[in-house]
Every structure is written in C-alpha cells, then in structure tokens.
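*Asks:* Take a look at this one; I'll ask things after.
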Amino acid sequence: MSLDNITVAVRARPLLTSESKFIPWVIENNSIQQIDEDKVLIGETYVYDEIFDVNKKNEDIYNTTIAPMVRSAIEGINLTVFAYGATSSGKTYTMNGTRRDPGVMPRIIEDIFNQIQMCNQRKFLLRVSYVEIYSEVINDLLDKNNKDLKIREDFNNCVNYNPTEK
Ligand SMILES: Nc1ncnc2c1ncn2[C@@H]1O[C@H](COP(=O)(O)OP(=O)(O)OP(=O)(O)O)[C@@H](O)[C@H]1O
C-alpha cells in the first residue's frame with residue numbers, strides 16, 4: 001500500500017520464549033505472505049512501502065522511514081509517526097527502544113534539535129504530543145494524570161488534546 005503522503009511499514013520482531021516456534025508467514029522484499037505448517041503459501045500477498053525483518057534494528061527503521069520525513073518537518077510540514085499493533089507486537093520497543101538501540105522518539109528529538117542548531121538564521125516553535133490510543137481511549141504518555149483526552153482542532157488547524165474540555 002502506498003499513498004502519496006503516507007508511508008506504511010511493517011516490522012517483524014523476534015519470537016518471545018513463550019511463543020510458538022512456527023512462524024506463519026514469509027517476507028520477500030516488500031511483501032508478506034501467510035504460509036501453512038507445510039510452508040505452502042496461502043491467502044493474499046500484502047505489499048507495503050517497507051517490511052523490516054527480525055534482524056533490523058531501531059536504527060535501521062529510523063534511518064529508512066523516519067529520517068527523510070524529519071527533514072520535511074524542519075521545513076514546516078506536519079509529521080505524525082503512528083505505531084499500530086496488537087499487545088506485545090513491539091510498539092513500545094520501536095517507539096522508545098533501549099539504551100543500546102534507542103527508538104523513534106529519542107532519535108527524532110535528537111535529530112530535530114541537531115537540524116535546528118544548523119539553521120541559526122531561523123526561529124523555530126516546537127509542539128510535541130505523545131499519546132496512546134488504547135481501546136479507543138486517548139491517554140497522554142507525557143503526563144500520566146491526563147487520561148481519556150478528546151482531540152480538537154483550534155482555529156489554526158492545530159491539534160490539541162485538552163483534558164479540561166472533555
Ligand atoms: N524488535 C525487537 N527485538 C527484540 N525484542 C523485541 C522487539 N520488539 C519487541 N520486543 C520485545 O517484545 C516484548 C513486547 O514488546 P512491546 O512491549 O514493545 O509491545 P507493545 O506492542 O508495546 O505491547 P503493549 O501494547 O502491550 O504495550 C517486549 O519484551 C520487547 O522487549
């Protein structure tokens with residue numbers, strides 16, 4: 001799937017020790033297909049802009065999919081990075097990462113501030129929100145007391161999450 005201003009990437013994570021050792025899919029380039037226990041291909045082939053196999057690190061994912069968009073954000077284009085998946089699929093690992101392999105959030109902050117430092121003739125205003133949508137409820141991940149937020153746009157089309165206006 002490829003839409004003009006949207007990049008859709010899939011990331012496979014290593015199996016957890018508690019999980020079955022049978023992997024019911026194969027990745028080939030940018031497509032993924034389901035297989036049965038005899039390794040016979042079944043069902044549809046799904047094609048994405050990027051598919052990252054289990055060996056890819058947060059650094060690879062950032063450099064391939066996010067870094068080019070950060071350059072556009074510095075030029076004033078709105079940017080949203082959205083991690084979607086079932087419980088334990090690896091959203092937090094991808095977004096926060098680890099000390100040895102930081103995820104999207106720490107990398108994007110470092111990248112943005114590095115690029116701002118190189119543009120000393122311009123002024124920047126940065127606004128950041130970090131929220132989760134869990135069972136259709138929006139919670140603020142930067143302030144655990146802000147729960148069940150409502151999304152609103154102001155007169156400038158800026159998105160606000162204002163818990164006082166539920
Ligand atoms: N690419 C990866 N490499 C190694 N371990 C991973 C990877 N992705 C996820 N894991 C591990 O898998 C487990 C589940 O990952 P994570 O907590 O990120 O899932 P989640 O989608 O955020 O889950 P939830 O929705 O329940 O919060 C964690 O133990 C995490 O360390």
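Labels for the structure tokens follow display order: chains A, B, ..., residues from 1 in each chain, ligands from 1.
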Could you name the residues that touch Leu125 (chain A) at 12 Å or less, counting only C-alpha atoms, but leaving out those on the same chain fewer than 2 positions away, as a ChimeraX atom specification?
*Replies:* /A:73-76,112-113,116,122-123,127-128
*Asks:* Taking only C-alpha atoms and all ligand atoms into account, which residues are within 10 Å of ligand 1, as a CSV table (one decimal) with C-alpha atoms, in the first residue's frame?
*Replies:*
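Final output, saved to pocket_8.csv:
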chain,number,residue,atom,x,y,z
A,11,ARG,CA,8.2,-4.7,11.4
A,12,ALA,CA,8.5,-8.3,12.4
A,13,ARG,CA,10.0,-8.9,15.9
A,14,PRO,CA,11.9,-11.9,17.2
A,15,LEU,CA,9.7,-14.6,18.8
A,16,LEU,CA,9.3,-14.4,22.6
A,17,THR,CA,10.2,-17.6,24.5
A,52,PHE,CA,11.6,-4.9,8.3
A,53,ASP,CA,12.6,-8.5,9.3
A,54,VAL,CA,13.5,-9.6,12.8
A,55,ASN,CA,17.2,-8.7,12.2
A,56,LYS,CA,16.5,-5.0,11.7
A,57,LYS,CA,17.4,-2.6,14.5
A,58,ASN,CA,15.6,0.6,15.6
A,83,ALA,CA,2.8,2.7,15.7
A,84,TYR,CA,-0.1,0.2,15.4
A,85,GLY,CA,-0.3,-3.4,16.5
A,86,ALA,CA,-1.6,-6.0,18.9
A,87,THR,CA,-0.5,-6.2,22.5
A,88,SER,CA,3.2,-7.3,22.7
A,89,SER,CA,3.7,-6.7,19.0
A,90,GLY,CA,6.6,-4.3,19.7
A,91,LYS,CA,5.2,-0.8,19.5
A,92,THR,CA,6.9,0.4,22.7
A,93,TYR,CA,10.2,-1.2,21.7
A,94,THR,CA,10.0,0.6,18.3
A,95,MET,CA,9.0,3.9,19.7
A,96,ASN,CA,11.1,4.1,22.9
A,97,GLY,CA,13.8,1.5,22.2
A,98,THR,CA,16.6,0.5,24.5
A,101,ASP,CA,19.4,0.9,20.3
A,132,GLU,CA,-1.6,6.3,23.1
A,133,ILE,CA,-5.0,5.2,21.8
A,134,TYR,CA,-5.9,2.1,23.8
*Asks:* Enumerate as an NGL selection string all residues of chain A assigned to strand (DSSP E) by DSSP on the backbone, naming them with the chain letters and numbers the document uses.
*Replies:* :A and (9-11 or 25-28 or 31-35 or 41-47 or 50-52 or 131-134 or 137-140 or 151-153 or 159-161)
*Asks:* What is the distance, in Å and to one decimal place, between CA of Ala9 (chain A) and CA of Phe22 (chain A)?
*Replies:*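 Going from CA of Ala9 (chain A) over to CA of Phe22 (chain A), I get 22.9 Å.
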*Asks:* Which residues are near Gln33 (chain A)? Cut-off 9 Å, only C-alpha atoms, ignore same chain within fewer than 5 positions. Put them as a list in words.
*Replies:* Pro24, Trp25, Val26, Ile27, Glu28, Leu41, Ile42, Gly43, Glu44, Thr45, Tyr46 and Val47 of chain A
*Asks:* Please dump the current selection as a PDB file, in the first residue's frame; keep C-alpha atoms.
*Replies:*
ATOM      1  CA  PRO A  24       3.104 -18.466   9.812  1.00  0.00           C
ATOM      2  CA  TRP A  25       4.409 -16.002   7.229  1.00  0.00           C
ATOM      3  CA  VAL A  26       7.306 -15.286   4.880  1.00  0.00           C
ATOM      4  CA  ILE A  27       8.768 -11.931   3.911  1.00  0.00           C
ATOM      5  CA  GLU A  28      10.056 -11.324   0.416  1.00  0.00           C
ATOM      6  CA  LEU A  41       1.785 -20.232   0.583  1.00  0.00           C
ATOM      7  CA  ILE A  42      -1.847 -19.498   1.435  1.00  0.00           C
ATOM      8  CA  GLY A  43      -4.036 -16.440   1.253  1.00  0.00           C
ATOM      9  CA  GLU A  44      -3.233 -12.985  -0.050  1.00  0.00           C
ATOM     10  CA  THR A  45       0.113 -11.296  -0.629  1.00  0.00           C
ATOM     11  CA  TYR A  46       0.339  -7.995   1.258  1.00  0.00           C
ATOM     12  CA  VAL A  47       2.665  -5.304  -0.113  1.00  0.00           C
TER      13      VAL A  47
END
*Asks:* Need to verify the contact set: Val10 (chain A), 8 Å, only C-alpha atoms, exclusion of same-chain residues closer than 6 positions in sequence. Can you return it as a PyMOL selection string?
*Replies:* chain A and resi 48+50-52
*Asks:* With a distance cut-off of 12 Å and only C-alpha atoms, select the neighbouring residues of Ala67 (chain A), excluding the residue or stretch itself and same-chain residues fewer than 2 positions from it, and output the selection as a ChimeraX atom specification.
*Replies:* /A:58-65,69-74,79,81,104-105,107-112,115
*Asks:* Export, as an mmCIF file, in the first residue's frame, the selected residues with N, CA and C atoms.
*Replies:*
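What ended up in part-v6.cif:
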data_model
loop_
_atom_site.group_PDB
_atom_site.id
_atom_site.type_symbol
_atom_site.label_atom_id
_atom_site.label_comp_id
_atom_site.auth_asym_id
_atom_site.auth_seq_id
_atom_site.Cartn_x
_atom_site.Cartn_y
_atom_site.Cartn_z
ATOM 1 N N ASN A 58 16.293 -0.711 15.556
ATOM 2 C CA ASN A 58 15.584 0.574 15.580
ATOM 3 C C ASN A 58 16.321 1.597 14.710
ATOM 4 N N GLU A 59 17.638 1.527 14.722
ATOM 5 C CA GLU A 59 18.426 2.468 13.919
ATOM 6 C C GLU A 59 18.081 2.334 12.433
ATOM 7 N N ASP A 60 17.936 1.070 11.951
ATOM 8 C CA ASP A 60 17.600 0.851 10.531
ATOM 9 C C ASP A 60 16.222 1.424 10.223
ATOM 10 N N ILE A 61 15.281 1.176 11.129
ATOM 11 C CA ILE A 61 13.913 1.642 10.892
ATOM 12 C C ILE A 61 13.884 3.166 10.861
ATOM 13 N N TYR A 62 14.607 3.780 11.794
ATOM 14 C CA TYR A 62 14.635 5.247 11.836
ATOM 15 C C TYR A 62 15.259 5.813 10.555
ATOM 16 N N ASN A 63 16.417 5.289 10.186
ATOM 17 C CA ASN A 63 17.129 5.865 9.033
ATOM 18 C C ASN A 63 16.350 5.694 7.728
ATOM 19 N N THR A 64 15.650 4.569 7.600
ATOM 20 C CA THR A 64 14.938 4.307 6.345
ATOM 21 C C THR A 64 13.623 5.073 6.246
ATOM 22 N N THR A 65 12.839 5.062 7.330
ATOM 23 C CA THR A 65 11.466 5.582 7.193
ATOM 24 C C THR A 65 11.261 6.957 7.822
ATOM 25 N N MET A 69 11.575 12.059 6.612
ATOM 26 C CA MET A 69 10.394 12.879 6.943
ATOM 27 C C MET A 69 10.750 13.996 7.914
ATOM 28 N N VAL A 70 11.741 13.779 8.754
ATOM 29 C CA VAL A 70 12.138 14.820 9.706
ATOM 30 C C VAL A 70 12.663 16.032 8.944
ATOM 31 N N ARG A 71 13.349 15.788 7.838
ATOM 32 C CA ARG A 71 13.846 16.906 7.033
ATOM 33 C C ARG A 71 12.674 17.750 6.529
ATOM 34 N N SER A 72 11.552 17.094 6.140
ATOM 35 C CA SER A 72 10.358 17.838 5.711
ATOM 36 C C SER A 72 9.747 18.584 6.889
ATOM 37 N N ALA A 73 9.744 17.969 8.063
ATOM 38 C CA ALA A 73 9.158 18.612 9.248
ATOM 39 C C ALA A 73 9.894 19.909 9.570
ATOM 40 N N ILE A 74 11.214 19.900 9.370
ATOM 41 C CA ILE A 74 12.009 21.107 9.636
ATOM 42 C C ILE A 74 11.601 22.225 8.678
ATOM 43 N N LEU A 79 4.118 16.284 10.800
ATOM 44 C CA LEU A 79 4.603 14.901 10.740
ATOM 45 C C LEU A 79 3.989 14.107 11.887
ATOM 46 N N VAL A 81 4.050 10.120 13.477
ATOM 47 C CA VAL A 81 4.556 8.749 13.443
ATOM 48 C C VAL A 81 3.602 7.931 14.308
ATOM 49 N N VAL A 104 12.284 5.421 17.992
ATOM 50 C CA VAL A 104 11.902 6.580 17.186
ATOM 51 C C VAL A 104 11.911 7.871 18.019
ATOM 52 N N MET A 105 11.339 7.838 19.221
ATOM 53 C CA MET A 105 11.176 9.084 19.982
ATOM 54 C C MET A 105 12.518 9.739 20.332
ATOM 55 N N ARG A 107 15.404 9.273 19.018
ATOM 56 C CA ARG A 107 16.157 9.607 17.792
ATOM 57 C C ARG A 107 15.581 10.841 17.107
ATOM 58 N N ILE A 108 14.248 10.953 17.092
ATOM 59 C CA ILE A 108 13.630 12.068 16.377
ATOM 60 C C ILE A 108 13.918 13.380 17.119
ATOM 61 N N ILE A 109 13.916 13.332 18.444
ATOM 62 C CA ILE A 109 14.189 14.546 19.233
ATOM 63 C C ILE A 109 15.625 15.007 18.971
ATOM 64 N N GLU A 110 16.555 14.046 19.013
ATOM 65 C CA GLU A 110 17.957 14.408 18.782
ATOM 66 C C GLU A 110 18.144 14.973 17.373
ATOM 67 N N ASP A 111 17.518 14.321 16.402
ATOM 68 C CA ASP A 111 17.640 14.722 15.008
ATOM 69 C C ASP A 111 17.087 16.141 14.804
ATOM 70 N N ILE A 112 15.894 16.405 15.353
ATOM 71 C CA ILE A 112 15.261 17.725 15.173
ATOM 72 C C ILE A 112 16.138 18.815 15.785
ATOM 73 N N GLN A 115 19.213 19.488 13.725
ATOM 74 C CA GLN A 115 18.942 20.244 12.490
ATOM 75 C C GLN A 115 18.620 21.700 12.804
#
